[in-house]
Structures are given as C-alpha cells and as structure tokens.
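Visitor: final.txt is reproduced in full below (compact mmCIF, C-alpha atoms).
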# COMPACT_ATOMS: atom_id res chain seq x y z
CA MET T 1 0.14 96.30 73.78
CA LEU T 2 2.77 97.70 71.44
CA LYS T 3 5.12 98.35 74.35
CA ARG T 4 4.96 94.65 75.26
CA LEU T 5 5.67 93.57 71.71
CA PHE T 6 8.66 95.89 71.33
CA GLY T 7 10.06 95.37 74.84
CA LYS T 8 9.63 98.91 76.10
CA GLN T 9 7.42 98.04 79.09
CA PRO T 10 9.15 98.97 82.37
CA ILE T 11 10.79 96.16 84.33
CA GLU T 12 9.47 95.65 87.86
CA VAL T 13 12.08 94.94 90.54
CA TRP T 14 12.46 94.62 94.29
CA VAL T 15 14.83 97.26 95.64
CA ILE T 16 17.26 96.09 98.31
CA LYS T 17 19.15 98.85 100.08
CA GLN T 18 21.62 96.61 101.94
CA VAL T 19 22.39 92.90 102.17
CA ASP T 20 23.67 91.62 105.53
CA SER T 21 24.71 88.05 106.35
CA ASP T 22 21.11 86.87 106.95
CA LEU T 23 19.07 90.06 106.52
CA LEU T 24 17.77 92.09 103.58
CA HIS T 25 16.95 95.78 104.04
CA LEU T 26 14.06 95.97 101.57
CA CYS T 27 12.89 99.34 100.23
CA GLY T 28 10.00 97.98 98.19
CA ARG T 29 9.05 97.67 94.53
CA ALA T 30 10.22 99.86 91.69
CA THR T 31 10.37 99.99 87.91
CA LEU T 32 13.31 100.36 85.56
CA PRO T 33 13.06 101.67 82.01
CA ALA T 34 13.63 98.97 79.39
CA LYS T 35 16.19 101.00 77.44
CA PRO T 36 18.04 100.22 75.21
CA SER T 37 16.23 96.87 75.38
CA ARG T 38 14.57 94.62 77.95
CA LYS T 39 17.22 91.92 77.43
CA ALA T 40 20.06 94.38 77.99
CA VAL T 41 18.56 95.65 81.27
CA LEU T 42 17.87 92.12 82.55
CA ALA T 43 21.45 91.11 81.64
CA ALA T 44 22.78 94.14 83.54
CA LEU T 45 20.65 93.20 86.56
CA ALA T 46 21.98 89.62 86.49
CA GLY T 47 25.55 90.89 86.40
CA THR T 48 24.88 93.64 88.98
CA GLY T 49 25.97 96.24 86.45
CA TYR T 50 22.74 98.18 86.00
CA GLN T 51 23.21 101.92 86.06
CA GLY T 52 20.32 104.28 85.63
CA PRO T 53 17.08 105.56 87.09
CA VAL T 54 14.96 103.59 89.55
CA THR T 55 11.33 104.73 89.89
CA MET T 56 9.94 103.74 93.27
CA LEU T 57 6.31 102.61 93.13
CA ALA T 58 5.62 104.01 96.62
CA GLY T 59 5.68 107.74 96.09
CA GLY T 60 7.09 107.78 92.56
CA ALA T 61 10.56 109.03 93.54
CA VAL T 62 13.19 108.58 90.83
CA LEU T 63 16.54 107.60 92.35
CA ASN T 64 19.93 106.53 91.05
CA ALA T 65 20.64 102.79 91.05
CA ARG T 66 24.01 103.34 92.76
CA LEU T 67 22.13 104.06 96.03
CA PHE T 68 21.05 100.41 96.27
CA GLN T 69 22.99 97.22 96.76
CA ALA T 70 20.68 95.01 94.71
CA LEU T 71 17.83 95.35 92.21
CA VAL T 72 16.07 92.00 91.89
CA PRO T 73 13.47 91.18 89.21
CA ILE T 74 10.05 90.58 90.81
CA ASP T 75 9.94 86.86 90.03
CA GLU T 76 13.38 86.15 91.58
CA LEU T 77 12.47 87.18 95.14
CA GLN T 78 9.57 85.54 96.93
CA LEU T 79 8.05 87.08 100.07
CA LEU T 80 7.31 84.55 102.81
CA PRO T 81 5.19 84.93 105.96
CA ASP T 82 6.67 86.24 109.23
CA GLY T 83 8.92 88.87 107.64
CA GLN T 84 11.03 86.52 105.54
CA ALA T 85 11.91 86.18 101.87
CA ARG T 86 13.44 83.54 99.60
CA TRP T 87 16.16 84.78 97.26
CA ARG T 88 19.11 83.04 95.61
CA GLY T 89 18.05 79.67 97.01
CA ARG T 90 17.98 80.63 100.68
CA ASP T 91 15.69 82.28 103.21
CA TRP T 92 16.40 85.77 104.51
CA GLN T 93 14.98 87.87 107.35
CA LEU T 94 13.48 91.17 106.10
CA ALA T 95 13.76 94.67 107.52
CA GLN T 96 11.59 97.34 105.93
CA ALA T 97 13.72 100.33 104.90
CA PRO T 98 11.65 103.53 105.27
CA GLN T 99 11.82 106.27 102.66
CA ARG T 100 14.31 108.35 104.70
CA CYS T 101 16.83 105.49 104.35
CA TRP T 102 16.57 105.22 100.56
CA THR T 103 19.11 107.99 99.95
CA TYR T 104 21.24 107.36 103.06
CA GLU T 105 24.72 106.29 101.99
CA GLY T 106 25.91 104.79 105.27
CA ARG T 107 25.33 101.48 107.01
CA LEU T 108 21.83 100.47 108.13
CA VAL T 109 20.86 98.53 111.26
CA ALA T 110 17.65 96.60 111.92
CA ARG T 111 15.49 97.40 114.94
CA PRO T 112 12.15 95.99 116.12
CA ASP T 113 9.22 97.83 114.59
CA PRO T 114 7.47 99.77 117.37
CA LEU T 115 4.21 99.67 115.37
CA GLY T 116 4.47 96.17 113.96
CA GLY T 117 3.78 92.77 115.35
CA THR T 118 6.24 90.30 116.74
CA GLY T 119 9.25 89.72 114.52
CA ALA T 120 8.71 92.82 112.38
CA LEU T 121 11.93 94.76 111.74
CA VAL T 122 12.57 98.29 110.48
CA SER T 123 15.83 99.63 109.09
CA ALA T 124 17.45 102.70 110.63
CA GLU T 125 20.61 104.67 110.03
CA ASP T 126 23.59 103.42 112.03
CA VAL T 127 24.73 106.46 114.01
CA SER T 128 26.86 104.60 116.56
CA GLY T 129 30.08 106.07 115.09
CA ILE T 130 28.73 109.61 115.32
CA ARG T 131 27.50 108.99 118.88
CA ARG T 132 30.88 107.55 119.91
CA GLN T 133 32.72 110.54 118.46
CA ALA T 134 30.37 113.01 120.17
CA GLU T 135 30.87 111.29 123.53
CA GLN T 136 34.64 111.51 123.15
CA GLU T 137 34.55 115.21 122.24
CA ALA T 138 31.94 116.27 124.82
CA PRO T 139 33.50 118.02 127.83
CA ARG T 140 32.98 116.21 131.12
CA ARG T 141 33.57 117.81 134.47
CA PRO T 142 34.63 115.49 137.23
CA GLY T 143 32.99 115.76 140.62
CA GLU T 144 29.60 116.41 142.07
CA VAL T 145 27.07 118.69 140.42
CA VAL T 146 25.52 121.29 142.76
CA PHE T 147 22.23 122.87 141.85
CA ARG T 148 21.73 126.45 143.05
CA PRO T 149 18.63 128.63 143.08
CA GLU T 150 18.17 131.27 140.43
CA ASN T 151 18.07 134.10 143.00
CA ARG T 152 20.80 134.30 145.67
CA ALA T 153 18.28 135.36 148.33
CA GLU T 154 16.12 132.26 147.94
CA ASP T 155 18.19 130.14 150.32
CA HIS T 156 19.11 132.91 152.74
CA PRO T 157 18.90 131.70 156.39
CA LEU T 158 17.13 134.87 157.62
CA ILE T 159 14.26 134.56 155.17
CA ALA T 160 11.48 132.28 156.37
CA SER T 161 10.02 129.82 153.95
CA ARG T 162 6.34 129.86 153.14
CA ASP T 163 5.63 126.86 155.34
CA GLU T 164 7.31 128.28 158.47
CA GLY T 165 6.36 131.05 160.80
CA VAL T 166 3.14 132.95 161.44
CA PRO T 167 -0.18 131.22 160.85
CA ARG T 168 -2.21 132.93 158.21
CA ALA T 169 -5.78 134.14 158.55
CA PRO T 170 -8.26 132.38 156.28
CA ARG T 171 -8.68 134.14 153.00
CA PRO T 172 -12.13 135.06 151.77
CA LYS T 173 -13.35 133.15 148.77
CA PRO T 174 -13.61 135.10 145.54
CA GLY T 175 -16.91 136.92 145.31
CA TRP T 176 -17.53 136.83 149.07
CA GLU T 177 -17.30 139.82 151.35
CA ARG T 178 -15.92 139.44 154.85
CA ARG T 179 -18.08 140.84 157.62
CA ASP T 180 -17.04 141.18 161.28
CA ASP T 181 -20.42 142.09 162.78
CA ASP T 182 -22.95 139.49 163.85
CA GLY T 183 -25.92 141.64 163.14
Any chance you could give the structure as structure tokens?
Guide:
Amino acid sequence: MLKRLFGKQPIEVWVIKQVDSDLLHLCGRATLPAKPSRKAVLAALAGTGYQGPVTMLAGGAVLNARLFQALVPIDELQLLPDGQARWRGRDWQLAQAPQRCWTYEGRLVARPDPLGGTGALVSAEDVSGIRRQAEQEAPRRPGEVVFRPENRAEDHPLIASRDEGVPRAPRPKPGWERRDDDG
C-alpha cells in the first residue's frame, strides 16, 4: 500500500524486441523499477529514452533496456484475437519472440509457428547473411562425384558377390542338430 502511495510500485510494460513495417516481435510482459519516480520513468518511456533494467515476468531475467526497440506501458498496447495487437492507433501482426531472441542483437524474421495454429508466428534470428557468406567461402569441386568402396577388393572382378555362384546348403536352425541317418 505504501509503495502505491509513494510511487515505488514497479511499472508493467510490454517488451517489443523489434518493430517492422506491420509486425511486432513481442517478447512478453516485464516490469521496470519506478526510480527515481514513476512520472520520470513514464516520461522516459514516452520519449523512448528509458535506460535501465527490465525484469521479464516469464523467467525473471533482468536485461538491459537497450536490447529492446520499444517498452510500452501495459495499457497502451491491446492484444487482439488471431495474433494481432493495437498500438499507436493501428493494428499490428504479432510474432512471439522466444527467450533465445531476447539478447540477440541482430535482425529478427517471422516464421510460422510449427506448434501453433493457423496464423501464429514465431520470431527467429535472421542468419541469411551468415548462410550467404558460408556458401561463398565453401569450396566446391566441379564435376561428377564418384563413390568408392571402403576396401579396394570389394569391387574386384575376380571376387564373386554373395548372390552369385555356388548354391548353399541349408543351414541348421540354432539349437537343432543335423542328422544324416534315417534310423
């Protein structure tokens, strides 16, 4: 009760990792300490100048605010059905940013969620630049690839394969003794 009266109650925010033209990469909810005062923190959030710790509600990780593109007070972003949200007077598509993306400092891309329903998106690290560079640097040999046996004698023309040649006598079953007499 005293924390509410003196403005020291933490401020709840939505954490947005990246803002694309029509897509928000949403990490989830977090809290910010109301220091030096609640008004000062809310003013910093409005001017996108907040610097300080961000305590994620899922897992309790404490991260630096510079890792995120936007910290939005809870009442300024409204979640809509079908993976959408309303923020700053317009509707946005949402992609859920998993915990591994929270500290990633590169660009994120949205992909369909393999576990979710239709329209659900998940954020992932954009590694297309790394893949492109690796493909350029990887040695490529022109021509046809020939597979050879491990042992040089395996394909020797004088050695018969298992399927060719002499018919084999039937083998006795395990536990049975072969007897040649009829008696």
Visitor: Mind pulling up the distance from CA of Ala30 in chain T to CA of Ala58 in chain T?
Guide: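 Atom-to-atom, CA of Ala58 in chain T and CA of Ala30 in chain T are spaced 7.9 Å apart.
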Visitor: Rank T:Asp22, T:Glu125, T:Asp91, T:Glu144 by their smallest atom-to-atom distance to Leu77 in chain T, using only C-alpha atoms, and report the top residue only.
Guide: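 Distance minimum relative to Leu77 in chain T lands on T:Asp91.
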Visitor: Select, counting all atoms listed in the file, all protein, DNA and RNA residues no farther than 7 Å from (14.6, 105.7, 102.5) in file coordinates, and express the selection as a PDB file with C-alpha atoms, in the frame of the given file.
Guide:
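What landed in point_22.pdb:
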ATOM      1  CA  CYS T  27      12.890  99.340 100.230  1.00  0.00           C
ATOM      2  CA  ALA T  97      13.720 100.330 104.900  1.00  0.00           C
ATOM      3  CA  PRO T  98      11.650 103.530 105.270  1.00  0.00           C
ATOM      4  CA  GLN T  99      11.820 106.270 102.660  1.00  0.00           C
ATOM      5  CA  ARG T 100      14.310 108.350 104.700  1.00  0.00           C
ATOM      6  CA  CYS T 101      16.830 105.490 104.350  1.00  0.00           C
ATOM      7  CA  TRP T 102      16.570 105.220 100.560  1.00  0.00           C
ATOM      8  CA  THR T 103      19.110 107.990  99.950  1.00  0.00           C
ATOM      9  CA  TYR T 104      21.240 107.360 103.060  1.00  0.00           C
TER      10      TYR T 104
END
Visitor: Which residues are close to Lys39 in chain T, i.e. within 12 Å by all atoms listed in the file, leaving aside same-chain residues fewer than 5 positions away? Reply as number ranges by chain.
Guide: T: 6-11, 33-34, 44-46, 50
Visitor: Just write the chosen residues, C-alpha atoms, as a short mmCIF file (atom, residue, chain, number, x, y, z; two decimals), keeping the file's coordinate frame.
Guide:
data_model
loop_
_atom_site.label_atom_id
_atom_site.label_comp_id
_atom_site.auth_asym_id
_atom_site.auth_seq_id
_atom_site.Cartn_x
_atom_site.Cartn_y
_atom_site.Cartn_z
CA PHE T 6 8.66 95.89 71.33
CA GLY T 7 10.06 95.37 74.84
CA LYS T 8 9.63 98.91 76.10
CA GLN T 9 7.42 98.04 79.09
CA PRO T 10 9.15 98.97 82.37
CA ILE T 11 10.79 96.16 84.33
CA PRO T 33 13.06 101.67 82.01
CA ALA T 34 13.63 98.97 79.39
CA ALA T 44 22.78 94.14 83.54
CA LEU T 45 20.65 93.20 86.56
CA ALA T 46 21.98 89.62 86.49
CA TYR T 50 22.74 98.18 86.00
#
Visitor: Could you work out how far CA of Asp20 in chain T lies from CA of Gln51 in chain T, giving the answer in Å with one decimal?
Guide: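 Straight-line distance from CA of Gln51 in chain T to CA of Asp20 in chain T works out to 22.0 Å.
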Visitor: For the point (13.5, 94.7, 88.6) in the file's frame, write as a VMD selection string all residues with an atom no more than 7 Å away, counting all atoms listed in the file.
Guide: chain T and resid 11 to 14 30 to 32 71 to 74
Visitor: Need to verify the contact set: Leu79 in chain T, 10 Å, only C-alpha atoms, exclusion of same-chain residues closer than 5 positions in sequence. Can you return it as a ChimeraX atom specification?
Guide: /T:84-87,91-92,94
Visitor: Output the selection as an mmCIF file, in the coordinates of the input - C-alpha atoms for each residue.
Guide:
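Output file result37.cif follows:
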data_model
loop_
_atom_site.group_PDB
_atom_site.id
_atom_site.type_symbol
_atom_site.label_atom_id
_atom_site.label_comp_id
_atom_site.auth_asym_id
_atom_site.auth_seq_id
_atom_site.Cartn_x
_atom_site.Cartn_y
_atom_site.Cartn_z
ATOM 1 C CA GLN T 84 11.030 86.520 105.540
ATOM 2 C CA ALA T 85 11.910 86.180 101.870
ATOM 3 C CA ARG T 86 13.440 83.540 99.600
ATOM 4 C CA TRP T 87 16.160 84.780 97.260
ATOM 5 C CA ASP T 91 15.690 82.280 103.210
ATOM 6 C CA TRP T 92 16.400 85.770 104.510
ATOM 7 C CA LEU T 94 13.480 91.170 106.100
#
Visitor: Could you state the separation of CA of Ala70 in chain T and CA of Lys35 in chain T in Å, given to one decimal place?
Guide: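 Interatomic distance, CA of Ala70 in chain T to CA of Lys35 in chain T: 18.8 Å.
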Visitor: Could you rebuild range 11-24 of chain T with N, CA, C and O atoms and give me the result as a PDB file, in the frame of the given file?
Guide:
ATOM      1  N   ILE T  11      10.470  97.411  83.632  1.00  0.00           N
ATOM      2  CA  ILE T  11      10.790  96.160  84.330  1.00  0.00           C
ATOM      3  C   ILE T  11      10.565  96.382  85.817  1.00  0.00           C
ATOM      4  O   ILE T  11      11.134  97.295  86.408  1.00  0.00           O
ATOM      5  N   GLU T  12       9.733  95.526  86.429  1.00  0.00           N
ATOM      6  CA  GLU T  12       9.470  95.650  87.860  1.00  0.00           C
ATOM      7  C   GLU T  12      10.544  94.884  88.640  1.00  0.00           C
ATOM      8  O   GLU T  12      10.894  93.756  88.294  1.00  0.00           O
ATOM      9  N   VAL T  13      11.028  95.542  89.711  1.00  0.00           N
ATOM     10  CA  VAL T  13      12.080  94.940  90.540  1.00  0.00           C
ATOM     11  C   VAL T  13      11.779  95.187  92.009  1.00  0.00           C
ATOM     12  O   VAL T  13      11.011  96.081  92.367  1.00  0.00           O
ATOM     13  N   TRP T  14      12.401  94.359  92.851  1.00  0.00           N
ATOM     14  CA  TRP T  14      12.460  94.620  94.290  1.00  0.00           C
ATOM     15  C   TRP T  14      13.746  95.403  94.521  1.00  0.00           C
ATOM     16  O   TRP T  14      14.790  95.071  93.971  1.00  0.00           O
ATOM     17  N   VAL T  15      13.665  96.431  95.342  1.00  0.00           N
ATOM     18  CA  VAL T  15      14.830  97.260  95.640  1.00  0.00           C
ATOM     19  C   VAL T  15      15.360  96.888  97.024  1.00  0.00           C
ATOM     20  O   VAL T  15      14.632  96.969  98.011  1.00  0.00           O
ATOM     21  N   ILE T  16      16.616  96.468  97.050  1.00  0.00           N
ATOM     22  CA  ILE T  16      17.260  96.090  98.310  1.00  0.00           C
ATOM     23  C   ILE T  16      18.347  97.119  98.592  1.00  0.00           C
ATOM     24  O   ILE T  16      19.294  97.274  97.818  1.00  0.00           O
ATOM     25  N   LYS T  17      18.207  97.798  99.706  1.00  0.00           N
ATOM     26  CA  LYS T  17      19.150  98.850 100.080  1.00  0.00           C
ATOM     27  C   LYS T  17      20.474  98.257 100.551  1.00  0.00           C
ATOM     28  O   LYS T  17      21.547  98.738 100.205  1.00  0.00           O
ATOM     29  N   GLN T  18      20.405  97.201 101.379  1.00  0.00           N
ATOM     30  CA  GLN T  18      21.620  96.610 101.940  1.00  0.00           C
ATOM     31  C   GLN T  18      21.395  95.131 102.186  1.00  0.00           C
ATOM     32  O   GLN T  18      20.318  94.716 102.588  1.00  0.00           O
ATOM     33  N   VAL T  19      22.434  94.340 101.940  1.00  0.00           N
ATOM     34  CA  VAL T  19      22.390  92.900 102.170  1.00  0.00           C
ATOM     35  C   VAL T  19      23.361  92.583 103.298  1.00  0.00           C
ATOM     36  O   VAL T  19      24.563  92.817 103.171  1.00  0.00           O
ATOM     37  N   ASP T  20      22.842  92.071 104.414  1.00  0.00           N
ATOM     38  CA  ASP T  20      23.670  91.620 105.530  1.00  0.00           C
ATOM     39  C   ASP T  20      23.803  90.106 105.452  1.00  0.00           C
ATOM     40  O   ASP T  20      23.279  89.480 104.530  1.00  0.00           O
ATOM     41  N   SER T  21      24.452  89.499 106.410  1.00  0.00           N
ATOM     42  CA  SER T  21      24.710  88.050 106.350  1.00  0.00           C
ATOM     43  C   SER T  21      23.428  87.231 106.286  1.00  0.00           C
ATOM     44  O   SER T  21      23.381  86.224 105.600  1.00  0.00           O
ATOM     45  N   ASP T  22      22.371  87.620 106.987  1.00  0.00           N
ATOM     46  CA  ASP T  22      21.110  86.870 106.950  1.00  0.00           C
ATOM     47  C   ASP T  22      19.898  87.807 106.882  1.00  0.00           C
ATOM     48  O   ASP T  22      18.791  87.403 107.174  1.00  0.00           O
ATOM     49  N   LEU T  23      20.126  89.057 106.484  1.00  0.00           N
ATOM     50  CA  LEU T  23      19.070  90.060 106.520  1.00  0.00           C
ATOM     51  C   LEU T  23      19.101  90.920 105.253  1.00  0.00           C
ATOM     52  O   LEU T  23      20.170  91.326 104.802  1.00  0.00           O
ATOM     53  N   LEU T  24      17.912  91.190 104.719  1.00  0.00           N
ATOM     54  CA  LEU T  24      17.770  92.090 103.580  1.00  0.00           C
ATOM     55  C   LEU T  24      17.043  93.350 104.044  1.00  0.00           C
ATOM     56  O   LEU T  24      15.977  93.264 104.658  1.00  0.00           O
TER      57      LEU T  24
END
